[in-house]
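Colleague: Provided herewith: input39.cif, mmCIF, C-alpha atoms; chains and numbers go by the auth columns.
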data_work
#
loop_
_atom_site.group_PDB
_atom_site.id
_atom_site.type_symbol
_atom_site.label_atom_id
_atom_site.label_comp_id
_atom_site.label_asym_id
_atom_site.label_seq_id
_atom_site.Cartn_x
_atom_site.Cartn_y
_atom_site.Cartn_z
_atom_site.B_iso_or_equiv
_atom_site.auth_seq_id
_atom_site.auth_asym_id
ATOM 1 C CA MET A 1 -1.615 -2.764 -21.744 0.00 25 V
ATOM 2 C CA ASN A 2 0.915 -1.345 -19.283 0.00 26 V
ATOM 3 C CA TYR A 3 -0.524 1.030 -16.729 0.00 27 V
ATOM 4 C CA PRO A 4 1.753 3.350 -14.747 0.00 28 V
ATOM 5 C CA THR A 5 2.717 1.949 -11.354 0.00 29 V
ATOM 6 C CA PRO A 6 2.033 4.425 -8.541 0.00 30 V
ATOM 7 C CA ALA A 7 4.629 5.276 -5.921 0.00 31 V
ATOM 8 C CA TRP A 8 1.793 5.376 -3.375 0.00 32 V
ATOM 9 C CA ARG A 9 1.771 2.924 -0.481 0.00 33 V
ATOM 10 C CA PRO A 10 -1.143 2.035 1.840 0.00 34 V
ATOM 11 C CA VAL A 11 -1.589 4.460 4.722 0.00 35 V
ATOM 12 C CA ARG A 12 -3.873 3.371 7.551 0.00 36 V
ATOM 13 C CA ALA A 13 -6.209 6.027 8.889 0.00 37 V
ATOM 14 C CA GLU A 14 -8.627 6.493 11.739 0.00 38 V
ATOM 15 C CA ALA A 15 -12.191 6.364 10.497 0.00 39 V
ATOM 16 C CA PRO A 16 -15.125 8.282 11.935 0.00 40 V
ATOM 17 C CA ASP A 17 -17.705 6.165 13.752 0.00 41 V
ATOM 18 C CA TRP A 18 -20.302 6.726 11.017 0.00 42 V
ATOM 19 C CA PHE A 19 -17.927 5.184 8.441 0.00 43 V
ATOM 20 C CA VAL A 20 -17.231 2.110 10.574 0.00 44 V
ATOM 21 C CA ASP A 21 -20.975 1.700 11.211 0.00 45 V
ATOM 22 C CA ARG A 22 -21.774 1.991 7.485 0.00 46 V
ATOM 23 C CA MET A 23 -19.146 -0.579 6.481 0.00 47 V
ATOM 24 C CA ALA A 24 -20.393 -2.984 9.160 0.00 48 V
ATOM 25 C CA HIS A 25 -23.945 -2.462 7.866 0.00 49 V
ATOM 26 C CA TYR A 26 -22.899 -3.236 4.278 0.00 50 V
ATOM 27 C CA THR A 27 -21.423 -6.559 5.365 0.00 51 V
ATOM 28 C CA ASP A 28 -24.127 -7.481 7.907 0.00 52 V
ATOM 29 C CA GLN A 29 -21.340 -7.268 10.515 0.00 53 V
ATOM 30 C CA ARG A 30 -19.851 -10.516 9.177 0.00 54 V
ATOM 31 C CA ARG A 31 -16.484 -9.296 7.872 0.00 55 V
ATOM 32 C CA GLY A 32 -13.591 -7.499 9.482 0.00 56 V
ATOM 33 C CA PHE A 33 -11.926 -4.606 7.687 0.00 57 V
ATOM 34 C CA LEU A 34 -9.137 -2.054 7.891 0.00 58 V
ATOM 35 C CA VAL A 35 -9.582 1.583 6.942 0.00 59 V
ATOM 36 C CA TYR A 36 -7.064 3.506 4.871 0.00 60 V
ATOM 37 C CA GLU A 37 -6.811 7.103 3.683 0.00 61 V
ATOM 38 C CA HIS A 38 -9.550 8.617 1.526 0.00 62 V
ATOM 39 C CA GLY A 39 -12.299 6.289 2.767 0.00 63 V
ATOM 40 C CA THR A 40 -10.813 3.091 1.413 0.00 64 V
ATOM 41 C CA ALA A 41 -11.647 -0.090 3.303 0.00 65 V
ATOM 42 C CA VAL A 42 -10.122 -3.510 2.754 0.00 66 V
ATOM 43 C CA PHE A 43 -12.079 -6.509 3.996 0.00 67 V
ATOM 44 C CA ASP A 44 -10.530 -9.663 5.389 0.00 68 V
ATOM 45 C CA ASP A 45 -12.305 -12.859 6.442 0.00 69 V
ATOM 46 C CA SER A 46 -9.613 -14.050 8.858 0.00 70 V
ATOM 47 C CA PRO A 47 -11.240 -15.563 11.960 0.00 71 V
ATOM 48 C CA SER A 48 -8.876 -13.630 14.249 0.00 72 V
ATOM 49 C CA GLY A 49 -9.684 -10.289 12.590 0.00 73 V
ATOM 50 C CA PRO A 50 -8.158 -8.354 9.705 0.00 74 V
ATOM 51 C CA ASP A 51 -4.533 -9.205 8.955 0.00 75 V
ATOM 52 C CA ILE A 52 -2.639 -5.954 8.307 0.00 76 V
ATOM 53 C CA ILE A 53 -0.003 -7.550 6.075 0.00 77 V
ATOM 54 C CA ARG A 54 -2.591 -9.309 3.912 0.00 78 V
ATOM 55 C CA CYS A 55 -4.803 -6.204 3.682 0.00 79 V
ATOM 56 C CA ASN A 56 -1.829 -4.022 2.683 0.00 80 V
ATOM 57 C CA ALA A 57 -0.859 -6.575 0.028 0.00 81 V
ATOM 58 C CA SER A 58 -4.429 -6.712 -1.300 0.00 82 V
ATOM 59 C CA LEU A 59 -4.638 -2.949 -1.566 0.00 83 V
ATOM 60 C CA LEU A 60 -1.271 -2.724 -3.307 0.00 84 V
ATOM 61 C CA ASP A 61 -2.390 -5.459 -5.688 0.00 85 V
ATOM 62 C CA VAL A 62 -5.387 -3.347 -6.658 0.00 86 V
ATOM 63 C CA VAL A 63 -3.419 -0.160 -7.329 0.00 87 V
ATOM 64 C CA THR A 64 -0.500 -1.790 -9.159 0.00 88 V
ATOM 65 C CA HIS A 65 -2.493 -3.832 -11.686 0.00 89 V
ATOM 66 C CA SER A 66 -4.827 -2.968 -14.524 0.00 90 V
ATOM 67 C CA PRO A 67 -8.271 -1.748 -13.447 0.00 91 V
ATOM 68 C CA ASP A 68 -10.789 -4.503 -12.785 0.00 92 V
ATOM 69 C CA PHE A 69 -13.907 -3.604 -10.832 0.00 93 V
ATOM 70 C CA SER A 70 -17.646 -3.903 -10.536 0.00 94 V
ATOM 71 C CA VAL A 71 -20.149 -1.419 -9.106 0.00 95 V
ATOM 72 C CA ARG A 72 -23.239 -2.291 -7.068 0.00 96 V
ATOM 73 C CA PRO A 73 -25.883 0.277 -6.048 0.00 97 V
ATOM 74 C CA MET A 74 -26.822 0.217 -2.358 0.00 98 V
ATOM 75 C CA ARG A 75 -30.307 0.856 -0.942 0.00 99 V
ATOM 76 C CA ASP A 76 -29.198 4.129 0.672 0.00 100 V
ATOM 77 C CA GLY A 77 -28.077 5.689 -2.633 0.00 101 V
ATOM 78 C CA ASN A 78 -24.369 4.929 -2.230 0.00 102 V
ATOM 79 C CA PHE A 79 -22.433 2.670 -4.566 0.00 103 V
ATOM 80 C CA LEU A 80 -20.156 -0.176 -3.550 0.00 104 V
ATOM 81 C CA VAL A 81 -17.100 -0.551 -5.795 0.00 105 V
ATOM 82 C CA GLN A 82 -15.411 -3.944 -5.665 0.00 106 V
ATOM 83 C CA LEU A 83 -11.881 -3.971 -7.057 0.00 107 V
ATOM 84 C CA GLN A 84 -10.570 -7.352 -8.231 0.00 108 V
ATOM 85 C CA GLY A 85 -12.633 -8.984 -5.498 0.00 109 V
ATOM 86 C CA VAL A 86 -10.300 -7.811 -2.727 0.00 110 V
ATOM 87 C CA GLY A 87 -11.407 -4.356 -1.635 0.00 111 V
ATOM 88 C CA LEU A 88 -14.729 -2.627 -1.166 0.00 112 V
ATOM 89 C CA ARG A 89 -15.139 1.117 -1.108 0.00 113 V
ATOM 90 C CA PRO A 90 -18.397 3.060 -0.869 0.00 114 V
ATOM 91 C CA CYS A 91 -18.655 6.221 -2.918 0.00 115 V
ATOM 92 C CA ARG A 92 -21.351 8.649 -4.039 0.00 116 V
#
Starting from the coordinates I provided, produce the structure as structure tokens.

Modeller:
Amino acid sequence: MNYPTPAWRPVRAEAPDWFVDRMAHYTDQRRGFLVYEHGTAVFDDSPSGPDIIRCNASLLDVVTHSPDFSVRPMRDGNFLVQLQGVGLRPCR
């Protein structure tokens, strides 16, 4: 099935401290991540920290391909949505 390809491109954003703390909590502070608009976070396991080029490519890969995701409930009532194994985004 062909899905429409969005014209959207990743836009980095400043995240409030509570968001950064929550994402660190979800990963037991073991993974680096970059924050984009609308509360989207992309995780990267690079030892030197998140690689912007790789994170941008991962996010574009998610939005330009057919939907593929899983949802996990979190203890605090939020849900963690994992898209094609490359991005995690909490939502209520």

Colleague: Can you list, as a ChimeraX atom specification, the residues that the PyMOL selection byres ((chain V and resi 79) around 9) selects here?

Modeller: /V:57-58,66-68,74-78,80-84,110-111

Colleague: One decimal, in Å: what's the spacing between atom CA of V:Val86 and atom CA of V:Gln106?

Modeller: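 Between atom CA of V:Val86 and atom CA of V:Gln106 the gap works out to 10.1 Å.
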
Colleague: Please provide the set of residues having any atom within 10 Å of V:Val35, restricted to all atoms listed in the file, with same-chain residues fewer than 6 positions apart removed, written as a ChimeraX atom specification.

Modeller: /V:59-62,64,80

Colleague: Need the shell around stretch 44-52 of chain V: protein/DNA/RNA residues with any atom at most 10 Å away, counting all atoms listed in the file. Skip same-chain ones fewer than 4 positions apart. Format as a list in words?

Modeller: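 The neighbour list is Glu38, Ala39, Pro40, Gly56, Phe57, Leu58, Val59, Ala65, Phe67, Met98, Arg99, Leu104, Leu112, Arg113 and Pro114 of chain V.
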
Colleague: Could you state which residues are captured by the PyMOL selection byres ((chain V and resi 95) around 6) in this file, as number ranges by chain?

Modeller: V: 94, 96, 104-105

Colleague: Just how far from atom CA of V:Asn102 is atom CA of V:Gly73, in Å to one decimal?

Modeller: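 Computing it gives 25.8 Å between the two atoms.
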
Colleague: Do you have the atom CA of V:Arg55-atom CA of V:Arg36 distance handy?

Modeller: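 Value for the atom CA of V:Arg55-atom CA of V:Arg36 distance: 17.9 Å.
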
Colleague: Missing atoms in stretch 53-78 of chain V need filling: write out N, CA, C and O atoms for it as a tab-separated table (two decimals), keeping the file's coordinate frame.

Modeller:
chain	number	residue	atom	x	y	z
V	53	GLN	N	-22.27	-7.07	9.39
V	53	GLN	CA	-21.34	-7.27	10.52
V	53	GLN	C	-20.69	-8.65	10.51
V	53	GLN	O	-20.39	-9.21	11.54
V	54	ARG	N	-20.43	-9.17	9.32
V	54	ARG	CA	-19.85	-10.52	9.18
V	54	ARG	C	-18.39	-10.50	8.74
V	54	ARG	O	-17.77	-11.55	8.68
V	55	ARG	N	-17.86	-9.35	8.38
V	55	ARG	CA	-16.48	-9.30	7.87
V	55	ARG	C	-15.71	-8.21	8.60
V	55	ARG	O	-16.22	-7.12	8.84
V	56	GLY	N	-14.47	-8.50	8.92
V	56	GLY	CA	-13.59	-7.50	9.48
V	56	GLY	C	-12.99	-6.66	8.37
V	56	GLY	O	-12.93	-7.09	7.22
V	57	PHE	N	-12.53	-5.47	8.70
V	57	PHE	CA	-11.93	-4.61	7.69
V	57	PHE	C	-10.95	-3.63	8.32
V	57	PHE	O	-11.01	-3.37	9.52
V	58	LEU	N	-10.06	-3.12	7.51
V	58	LEU	CA	-9.14	-2.05	7.89
V	58	LEU	C	-9.46	-0.84	7.05
V	58	LEU	O	-9.86	-0.96	5.89
V	59	VAL	N	-9.29	0.33	7.63
V	59	VAL	CA	-9.58	1.58	6.94
V	59	VAL	C	-8.27	2.28	6.60
V	59	VAL	O	-7.36	2.35	7.42
V	60	TYR	N	-8.22	2.78	5.37
V	60	TYR	CA	-7.06	3.51	4.87
V	60	TYR	C	-7.48	4.93	4.52
V	60	TYR	O	-8.65	5.28	4.61
V	61	GLU	N	-6.52	5.72	4.07
V	61	GLU	CA	-6.81	7.10	3.68
V	61	GLU	C	-7.89	7.16	2.61
V	61	GLU	O	-8.07	6.23	1.84
V	62	HIS	N	-8.57	8.29	2.56
V	62	HIS	CA	-9.55	8.62	1.53
V	62	HIS	C	-10.75	7.68	1.52
V	62	HIS	O	-11.34	7.43	0.47
V	63	GLY	N	-11.10	7.11	2.67
V	63	GLY	CA	-12.30	6.29	2.77
V	63	GLY	C	-12.20	4.93	2.13
V	63	GLY	O	-13.19	4.33	1.77
V	64	THR	N	-11.00	4.42	1.99
V	64	THR	CA	-10.81	3.09	1.41
V	64	THR	C	-10.84	2.06	2.53
V	64	THR	O	-10.19	2.24	3.55
V	65	ALA	N	-11.59	1.01	2.33
V	65	ALA	CA	-11.65	-0.09	3.30
V	65	ALA	C	-11.28	-1.38	2.60
V	65	ALA	O	-11.69	-1.63	1.47
V	66	VAL	N	-10.50	-2.20	3.28
V	66	VAL	CA	-10.12	-3.51	2.75
V	66	VAL	C	-10.67	-4.55	3.71
V	66	VAL	O	-10.41	-4.50	4.92
V	67	PHE	N	-11.43	-5.49	3.18
V	67	PHE	CA	-12.08	-6.51	4.00
V	67	PHE	C	-11.24	-7.78	4.04
V	67	PHE	O	-10.58	-8.13	3.07
V	68	ASP	N	-11.30	-8.44	5.18
V	68	ASP	CA	-10.53	-9.66	5.39
V	68	ASP	C	-11.38	-10.62	6.20
V	68	ASP	O	-11.95	-10.24	7.22
V	69	ASP	N	-11.47	-11.86	5.77
V	69	ASP	CA	-12.30	-12.86	6.44
V	69	ASP	C	-11.55	-13.70	7.46
V	69	ASP	O	-12.04	-14.74	7.87
V	70	SER	N	-10.37	-13.27	7.87
V	70	SER	CA	-9.61	-14.05	8.86
V	70	SER	C	-10.41	-14.18	10.15
V	70	SER	O	-10.99	-13.19	10.62
V	71	PRO	N	-10.46	-15.37	10.73
V	71	PRO	CA	-11.24	-15.56	11.96
V	71	PRO	C	-10.72	-14.74	13.14
V	71	PRO	O	-11.50	-14.37	14.01
V	72	SER	N	-9.44	-14.41	13.14
V	72	SER	CA	-8.88	-13.63	14.25
V	72	SER	C	-8.95	-12.13	14.00
V	72	SER	O	-8.41	-11.35	14.77
V	73	GLY	N	-9.59	-11.71	12.92
V	73	GLY	CA	-9.68	-10.29	12.59
V	73	GLY	C	-8.80	-9.96	11.41
V	73	GLY	O	-8.02	-10.80	10.94
V	74	PRO	N	-8.91	-8.74	10.90
V	74	PRO	CA	-8.16	-8.35	9.70
V	74	PRO	C	-6.65	-8.48	9.91
V	74	PRO	O	-6.11	-8.07	10.93
V	75	ASP	N	-5.98	-9.05	8.94
V	75	ASP	CA	-4.53	-9.20	8.96
V	75	ASP	C	-3.93	-8.02	8.20
V	75	ASP	O	-4.16	-7.86	7.00
V	76	ILE	N	-3.17	-7.19	8.90
V	76	ILE	CA	-2.64	-5.95	8.31
V	76	ILE	C	-1.76	-6.25	7.09
V	76	ILE	O	-1.88	-5.59	6.05
V	77	ILE	N	-0.91	-7.23	7.19
V	77	ILE	CA	0.00	-7.55	6.08
V	77	ILE	C	-0.80	-7.99	4.85
V	77	ILE	O	-0.54	-7.54	3.73
V	78	ARG	N	-1.78	-8.85	5.05
V	78	ARG	CA	-2.59	-9.31	3.91
V	78	ARG	C	-3.44	-8.18	3.33
V	78	ARG	O	-3.57	-8.06	2.11
